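Worksheet for the structure shown next.
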Amino acid sequence: MWFVLALLSAVFAALTSILAKVGVDGVNSNLATAIRTMVVLAMAWGMVFLTNAQGGIADISKKSWVFLILSGLATGASWLCYYKAIQIGEVSKVVPIDKLSVVITLVLAFVFLHEKFTPKSLAGAILITAGTLIMVL
């Protein structure tokens with residue numbers, strides 16, 4: 001099931017890039033990001049109430065609050081940079097660079113979460129980096 005959800009995430013992320021490029025035309029990129037965020041916020045809270053998960057708020061630890069807030073700040077910074085990048089650059093060049101986040105995530109997971117860097121993950125990271133360079137240069 002995780003694979004199907006991950007694949008759907010990739011499809012929706014691809015649609016996001018194309019739809020955002022068209023939508024940000026003639027609109028301040030920060031304003032466009034704020035509009036997108038309002039929609040995401042409404043969808044996320046809609047799913048919380050649809051699945052009756054709102055009762056779990058009181059059970060969230062302080063540590064989880066801190067890291068969820070930090071994650072939200074990182075997401076916001078990413079979206080602000082991404083929208084400005086696609087507004088002034090070509091989506092076909094911005095998206096591969098944005099997807100270097102896969103490689104950066106692997107390295108950060110190794111350093112901070114002590115996840116294993118396997119020969120397969122190393123090869124994948126090298127190929128993603130090489131593919132990105134080929135696509136943008």
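Please note that chains go A, B, ... in the order of the structure tokens, that every chain numbers its residues from 1, and that ligands are numbered from 1 in the order shown.
Residues in contact with A:Lys99 at 10 Å, where only C-alpha atoms are counted and same-chain residues fewer than 6 positions away are skipped, are listed as Ile128, Thr129 and Thr132 of chain A.
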Written selection (C-alpha atoms) as a JSON list (two decimals), in the first residue's frame:
```
[["chain", "number", "residue", "atom", "x", "y", "z"],
["A", 128, "ILE", "CA", 19.84, 10.85, -9.20],
["A", 129, "THR", "CA", 22.59, 13.45, -8.91],
["A", 132, "THR", "CA", 19.84, 15.97, -12.39]]
```
**Study point:** Residues within 10 Å of stretch 82-98 of chain A, only C-alpha atoms, excluding chain neighbours under 3 positions, as number ranges by chain
**Key:** A: 13-14, 17-18, 20-33, 76-79, 101-102, 128-129, 131-137
Exercise for review: Tell me, in Å to one decimal, how far atom CA of A:Thr118 is from atom CA of A:Leu7.
Suggested key: 22.4 Å
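Nearest to A:Phe110 of all the residues A:Leu80, A:Ala130, A:Leu122, A:Val39 is A:Leu122, based on only C-alpha atoms.
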Practice item. Excluding A:Glu115 and residues on its chain fewer than 6 positions from it, collect all residues at most 12 Å away from it, counting only C-alpha atoms, and give them as a PyMOL selection string. Key: chain A and resi 105-109+121
Review point. What is the atom CA of A:Lys120-atom CA of A:Phe67 distance in Å, reported with one decimal?
Key: 29.1 Å
Practice item. Using DSSP on the backbone coordinates, identify the residues of stretch 19-83 of chain A assigned to helix (DSSP H, G or I); present them as a PyMOL selection string. Key: chain A and resi 19-23+29-50+54-59+62-83
Review point. Please, what distance in Å, to one decimal, runs between atom CA of A:Leu100 and atom CA of A:Ala74?
Key: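 Those two atoms sit 15.4 Å apart.
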